[in-house]
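Contents: one structure, followed by commentary.
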Amino acid sequence: MSLAAAPHGFLSPTGVEIAFLLVGLVTFGAALVTVTTRQLVHAALWLVVTLGGLAVEYLLLTAEFIAWVQVLIYVGSVVVLLLFGLMLTRAPIGRSPDADSGNRWAALAVALAAAVALVWVVVDAFRTTWMDLSGPAAGSTRVTGESLFQNWVLPFEALSVLLLAALVGAIVLSRKAKAEEASGAPDTAPGTASGTPATPVAATGEKEGAR
Amino acid sequence: MNGALDVALRLVAVFVVFLTFPLIVGQTEHKVMAHMQGRLGPMYAGGFHGWAQLIADGVKFAQKEDVVPAGADRRVFQLAPAVALLPYLLVLVAIPIGPSEGAVGQVLDAGVFFVLAVMGVGVLGSLMAGWASANKFSLLGGLRTAAQLLAYELPMLLAAASVAMAAGTVSLPGILHAFHWWWLPWQIVGAVVFFVAGLAELQRPPFDMPVADSEIIFGAYTEYTGLRFALFLLAEYAGIIVLCGLTTVLFLGGWHGPWGADGLGWLWTLLKTALLAFVVIWLRVTYPRLREDQLQKLSWTLLVPLSLAQIALTGIVKVVIS
């Protein structure tokens with residue numbers, strides 16, 4: 001980001017700015033449909049449109065690397081995981097009768113508060129700063145990498161440790177459940193959960209008590 | 001104006017490649033499988049070597065009625081083939097076939113990320129098809145597709161990251177400009193992992209559990225007929241082109257040939273891609289289908305550790321030589 005030499009006005013938008021606004025509107029609309037539709041799988045598919053729209057916004061701001069990572073992680077993996085979960089549990093065609101929540105007004109309030117806080121922070125921080133979109137890309141892979149590994153190494157490493165902890169935690173939790181099922185007593189949990197023979201029926205009651 | 005014409009020409013060229021190459025792979029698959037399995041059927045239509053089989057198939061698909069099941073989610077059902085096919089068209093734009101500026105649809109700064117990201121989106125088409133068909137077998141196929149993608153996306157990314165580390169760039173032409181012949185043995189493990197994971201992502205045999213016809217009829221595509229079904233098949237063959245092209249570019253040196261090919265770089269790329277496409281077909285007729293649990297096991301216990309080892313090796317060699 002840099003302070004461009006020429007003053008900018010809101011009344012003579014460039015093509016990129018118009019495209020940014022239009023894509024933003026589409027993204028916003030898709031996000032609204034995502035949370036209001038009564039069809040679960042449709043909500044997930046609208047989420048794809050929302051996240052894809054965000055990727056396009058990144059592209060318009062010349063942050064190519066971030067845009068493709070957004071597509072790779074969110075559209076390619078998170079939504080696939082979401083759809084997988086939906087299909088595995090319940091994904092009726094047509095309206096889901098229980099896809100409604102009594103918390104919707106509270107959720108709306110929280111969402112509005114979060115949006116106001118974010119917009120306020122961003123406006124306050126970048127009030128008069130304009131990106132020079134016609135110059136060299138400000139968000140190319142090289143620029144992103146250099147800034148990440150020179151200025152932001154510590155947060156980066158902290159995040160990776162956090163993710164690693166989450167990963168290990170998930171594995172421990174899933175293995176613990178499996179070991180409990182296999183042995184019936186959690187405190188004698190065997191380390192070899194894989195290949196352990198099935199639980200004897202008699203141990204089931206004891207396991208329930210242990211929980 | 002000149003710039004616009006240039007862009008239009010490139011897009012037309014990519015589109016022509018997109019329309020013809022998958023058909024060539026399809027025709028080759030007919031013939032190669034017929035030879036390997038001693039089958040007479042694909043050799044019959046049209047006389048010499050059954051050249052008209054592909055045309056006959058096309059006419060057949062175009063004639064069939066386009067049926068949407070009564071219980072299906074109509075819009076998602078009809079949209080799914082396009083979602084499955086279009087990403088591969090987009091990916092082709094970024095694959096360079098020659099060293100010159102004009103031999104790639106569009107040079108992208110983060111090419112590796114672009115191709116892998118967009119390829120992953122194609123799977124959404126299968127998921128949408130599997131869910132929207134309102135058919136248990138389709139749903140099972142969709143589930144298997146998702147599980148397969150989640151398992152194989154990781155080793156594929158890690159293998160590609162290894163090459164990007166070696167080249168010091170994530171741009172596809174950039175990687176090729178940095179290529180030396182000794183990368184071949186250096187990155188061979190990554191190449192195998194990438195190719196195998198890519199096969200799994202395309203759901204090609206021996207990783208075709210999502211469409212396993214003896215178990216779940218034809219998975220997510222069970223309810224599709226006519227042209228929409230043909231589009232899914234086309235997506236599969238376009239996927240083969242993309243995977244083979246990417247493996248060529250990332251691991252086999254793309255336009256680099258053993259005899260310093262000036263001006264013939266595109267020929268090397270095409271040759272290597274064609275060879276890999278042949279291997280894909282060869283694997284299909286050679287190996288039986290894996291079981292679902294074997295598939296997951298192969299990915300998590302073999303491919304992921306191998307790709308991590310490859311990244312470690314790449315890092316060590318990179319530090320030593322720099």
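If you're wondering about the labels, chains in the structure tokens are A, B, ... by order shown, residues count from 1 in each chain, ligands from 1 in order shown.
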- Within region 10-187 of chain A, find each residue whose DSSP state, derived from the backbone, is helix (DSSP H, G or I), and express the selection as a ChimeraX atom specification. /A:15-36,40-60,64-88,104-125,141-150,153-183,186-187
- Which residues, written as a ChimeraX atom specification, have at least one atom at most 12 Å from region 49-59 of chain A, with only C-alpha atoms counted and residues fewer than 4 positions away on the same chain left out? /A:16-35,42-45,63-79,133,137-140 /B:108-110,114,117-118,121,124
Take the residues from that selection and write them out as a PDB file, in the first residue's frame, keeping C-alpha atoms.
```pdb
ATOM      1  CA  VAL A  16     -11.274  -2.064 -11.035  1.00  0.00           C
ATOM      2  CA  GLU A  17     -13.178  -0.201  -8.340  1.00  0.00           C
ATOM      3  CA  ILE A  18     -16.497  -0.766 -10.115  1.00  0.00           C
ATOM      4  CA  ALA A  19     -15.685  -4.469 -10.536  1.00  0.00           C
ATOM      5  CA  PHE A  20     -14.674  -4.651  -6.874  1.00  0.00           C
ATOM      6  CA  LEU A  21     -17.989  -3.163  -5.790  1.00  0.00           C
ATOM      7  CA  LEU A  22     -20.052  -5.418  -8.058  1.00  0.00           C
ATOM      8  CA  VAL A  23     -18.247  -8.583  -6.965  1.00  0.00           C
ATOM      9  CA  GLY A  24     -18.628  -7.393  -3.393  1.00  0.00           C
ATOM     10  CA  LEU A  25     -22.372  -7.073  -3.856  1.00  0.00           C
ATOM     11  CA  VAL A  26     -22.576 -10.594  -5.331  1.00  0.00           C
ATOM     12  CA  THR A  27     -20.488 -11.944  -2.451  1.00  0.00           C
ATOM     13  CA  PHE A  28     -22.661 -10.187   0.090  1.00  0.00           C
ATOM     14  CA  GLY A  29     -25.839 -11.487  -1.535  1.00  0.00           C
ATOM     15  CA  ALA A  30     -24.492 -15.028  -1.617  1.00  0.00           C
ATOM     16  CA  ALA A  31     -23.525 -14.744   2.038  1.00  0.00           C
ATOM     17  CA  LEU A  32     -27.045 -13.605   2.921  1.00  0.00           C
ATOM     18  CA  VAL A  33     -28.577 -16.524   1.031  1.00  0.00           C
ATOM     19  CA  THR A  34     -26.133 -18.879   2.753  1.00  0.00           C
ATOM     20  CA  VAL A  35     -27.486 -18.038   6.182  1.00  0.00           C
ATOM     21  CA  HIS A  42     -27.825 -25.190  -0.903  1.00  0.00           C
ATOM     22  CA  ALA A  43     -26.398 -23.196   1.970  1.00  0.00           C
ATOM     23  CA  ALA A  44     -23.085 -25.015   1.547  1.00  0.00           C
ATOM     24  CA  LEU A  45     -23.117 -24.378  -2.202  1.00  0.00           C
ATOM     25  CA  ALA A  63      -3.160 -10.330  -4.013  1.00  0.00           C
ATOM     26  CA  GLU A  64      -2.881 -13.298  -6.347  1.00  0.00           C
ATOM     27  CA  PHE A  65      -1.247 -15.675  -3.902  1.00  0.00           C
ATOM     28  CA  ILE A  66      -3.855 -15.077  -1.196  1.00  0.00           C
ATOM     29  CA  ALA A  67      -6.629 -15.491  -3.767  1.00  0.00           C
ATOM     30  CA  TRP A  68      -5.489 -18.939  -4.868  1.00  0.00           C
ATOM     31  CA  VAL A  69      -4.825 -20.053  -1.315  1.00  0.00           C
ATOM     32  CA  GLN A  70      -8.376 -18.944  -0.502  1.00  0.00           C
ATOM     33  CA  VAL A  71      -9.717 -21.124  -3.325  1.00  0.00           C
ATOM     34  CA  LEU A  72      -7.469 -24.044  -2.389  1.00  0.00           C
ATOM     35  CA  ILE A  73      -8.241 -24.086   1.327  1.00  0.00           C
ATOM     36  CA  TYR A  74     -11.794 -22.830   1.552  1.00  0.00           C
ATOM     37  CA  VAL A  75     -13.502 -23.817  -1.693  1.00  0.00           C
ATOM     38  CA  GLY A  76     -11.421 -26.918  -2.331  1.00  0.00           C
ATOM     39  CA  SER A  77     -11.139 -28.370   1.150  1.00  0.00           C
ATOM     40  CA  VAL A  78     -13.337 -26.759   3.797  1.00  0.00           C
ATOM     41  CA  VAL A  79     -16.505 -26.819   1.712  1.00  0.00           C
ATOM     42  CA  LEU A 133      -3.286  -1.086  -8.465  1.00  0.00           C
ATOM     43  CA  ALA A 137       1.631  -6.164  -7.823  1.00  0.00           C
ATOM     44  CA  ALA A 138       1.563  -5.439  -4.111  1.00  0.00           C
ATOM     45  CA  GLY A 139       0.439  -8.952  -3.267  1.00  0.00           C
ATOM     46  CA  SER A 140       2.593 -11.160  -5.477  1.00  0.00           C
TER      47      SER A 140
ATOM     48  CA  LEU B 108       0.476 -16.672 -13.469  1.00  0.00           C
ATOM     49  CA  ASP B 109       2.577 -15.544 -10.566  1.00  0.00           C
ATOM     50  CA  ALA B 110       1.288 -18.309  -8.304  1.00  0.00           C
ATOM     51  CA  PHE B 114      -3.686 -21.820  -9.124  1.00  0.00           C
ATOM     52  CA  ALA B 117      -6.713 -24.926  -6.222  1.00  0.00           C
ATOM     53  CA  VAL B 118      -8.821 -24.982  -9.351  1.00  0.00           C
ATOM     54  CA  VAL B 121     -12.885 -27.252  -7.274  1.00  0.00           C
ATOM     55  CA  LEU B 124     -17.430 -30.142  -6.197  1.00  0.00           C
TER      56      LEU B 124
END
```
- Item | Residue hits in chain B, query chain A, radius 10 Å, only C-alpha atoms, as JSON, numbers by chain | {"B": [71, 72, 73, 76, 108, 109, 110, 111, 112, 113, 114, 115, 116, 117, 118, 119, 120, 121, 122, 123, 124, 127, 128, 130, 131, 132, 133, 134, 139, 140, 142, 143, 144, 145, 146, 147, 149, 150, 153, 154, 157, 168, 169, 170, 171]}
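Omitting Leu306 (chain B) and its sequence neighbours fewer than 2 positions away, and counting only C-alpha atoms, the residues within 9 Å are Pro155, Ala159, Val189, Gly190, Val193, Thr301, Leu302, Leu303, Val304, Leu308, Ala309, Gln310 and Ile311 of chain B.
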Just the selected residues (N, CA and C atoms), exported as a compact mmCIF listing (two decimals), in the first residue's frame, please.
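What ended up in result28.txt:
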```txt
# COMPACT_ATOMS: atom_id res chain seq x y z
N PRO B 155 -1.01 -35.05 0.03
CA PRO B 155 0.26 -35.47 -0.58
C PRO B 155 0.54 -34.76 -1.90
N ALA B 159 3.92 -32.66 -2.50
CA ALA B 159 4.84 -33.00 -3.59
C ALA B 159 5.09 -31.78 -4.47
N VAL B 189 10.70 -39.20 -6.02
CA VAL B 189 9.68 -39.65 -5.07
C VAL B 189 8.47 -38.73 -5.12
N GLY B 190 8.77 -37.43 -5.14
CA GLY B 190 7.68 -36.45 -5.24
C GLY B 190 6.88 -36.65 -6.51
N VAL B 193 4.57 -39.62 -6.06
CA VAL B 193 3.48 -39.27 -5.15
C VAL B 193 2.47 -38.37 -5.85
N THR B 301 -0.74 -43.46 5.20
CA THR B 301 0.43 -44.13 5.77
C THR B 301 1.58 -44.23 4.79
N LEU B 302 1.35 -44.01 3.50
CA LEU B 302 2.46 -44.13 2.56
C LEU B 302 2.75 -42.81 1.85
N LEU B 303 1.74 -42.25 1.19
CA LEU B 303 2.02 -41.09 0.34
C LEU B 303 2.37 -39.86 1.15
N VAL B 304 1.63 -39.62 2.26
CA VAL B 304 1.92 -38.42 3.05
C VAL B 304 3.33 -38.48 3.65
N LEU B 308 6.46 -35.96 2.71
CA LEU B 308 7.16 -35.19 3.75
C LEU B 308 8.66 -35.47 3.68
N ALA B 309 9.01 -36.77 3.46
CA ALA B 309 10.43 -37.12 3.33
C ALA B 309 11.03 -36.40 2.12
N GLN B 310 10.26 -36.32 1.04
CA GLN B 310 10.75 -35.63 -0.16
C GLN B 310 11.01 -34.16 0.14
N ILE B 311 10.10 -33.55 0.90
CA ILE B 311 10.29 -32.13 1.23
C ILE B 311 11.56 -31.96 2.07
```
- Task: For Gly254 (chain B), list every protein, DNA or RNA residue within 7 Å, evaluated using only C-alpha atoms, and leave out those in the same chain fewer than 3 positions away; present the list as a PyMOL selection string.
- Result: chain B and resi 97+176+248-249+268-269
Would you write out those residues with C-alpha atoms, as an mmCIF file, in the first residue's frame?
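Output below, filename result.cif:
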```cif
data_model
loop_
_atom_site.group_PDB
_atom_site.id
_atom_site.type_symbol
_atom_site.label_atom_id
_atom_site.label_comp_id
_atom_site.auth_asym_id
_atom_site.auth_seq_id
_atom_site.Cartn_x
_atom_site.Cartn_y
_atom_site.Cartn_z
ATOM 1 C CA ILE B 97 4.126 -26.038 -23.296
ATOM 2 C CA LEU B 176 10.806 -24.889 -15.802
ATOM 3 C CA THR B 248 5.465 -33.116 -17.048
ATOM 4 C CA VAL B 249 5.900 -29.467 -16.167
ATOM 5 C CA TRP B 268 8.916 -32.484 -25.808
ATOM 6 C CA THR B 269 6.083 -31.312 -23.585
#
```
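Between CA of Thr37 (chain A) and CA of Ala84 (chain B) the separation is 24.0 Å.
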- Work out how far CA of Leu283 (chain B) is from CA of Phe137 (chain B), in Å to one decimal.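 We find that CA of Phe137 (chain B) and CA of Leu283 (chain B) lie 25.6 Å from each other.
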Please report, as a Markdown table, each residue of region 215-317 of chain B lying at most 9 Å from region 8-30 of chain B, together with the nearest pair of atoms and the separation in Å rounded to one decimal; use only C-alpha atoms, and order rows by chain and ascending residue number.
```
| residue | atom | partner | partner_atom | distance |
| --- | --- | --- | --- | --- |
| B:Leu234 | CA | B:Pro22 | CA | 6.5 |
| B:Ala235 | CA | B:Pro22 | CA | 8.3 |
| B:Glu236 | CA | B:Pro22 | CA | 8.3 |
| B:Tyr237 | CA | B:Pro22 | CA | 4.8 |
| B:Ala238 | CA | B:Pro22 | CA | 5.0 |
| B:Gly239 | CA | B:Pro22 | CA | 8.3 |
| B:Ile240 | CA | B:Pro22 | CA | 7.8 |
| B:Ile241 | CA | B:Pro22 | CA | 6.6 |
| B:Ala274 | CA | B:Val25 | CA | 8.4 |
| B:Ala277 | CA | B:Val25 | CA | 7.2 |
| B:Phe278 | CA | B:Glu29 | CA | 7.9 |
| B:Ile281 | CA | B:Glu29 | CA | 6.0 |
| B:Trp282 | CA | B:Glu29 | CA | 8.7 |
```
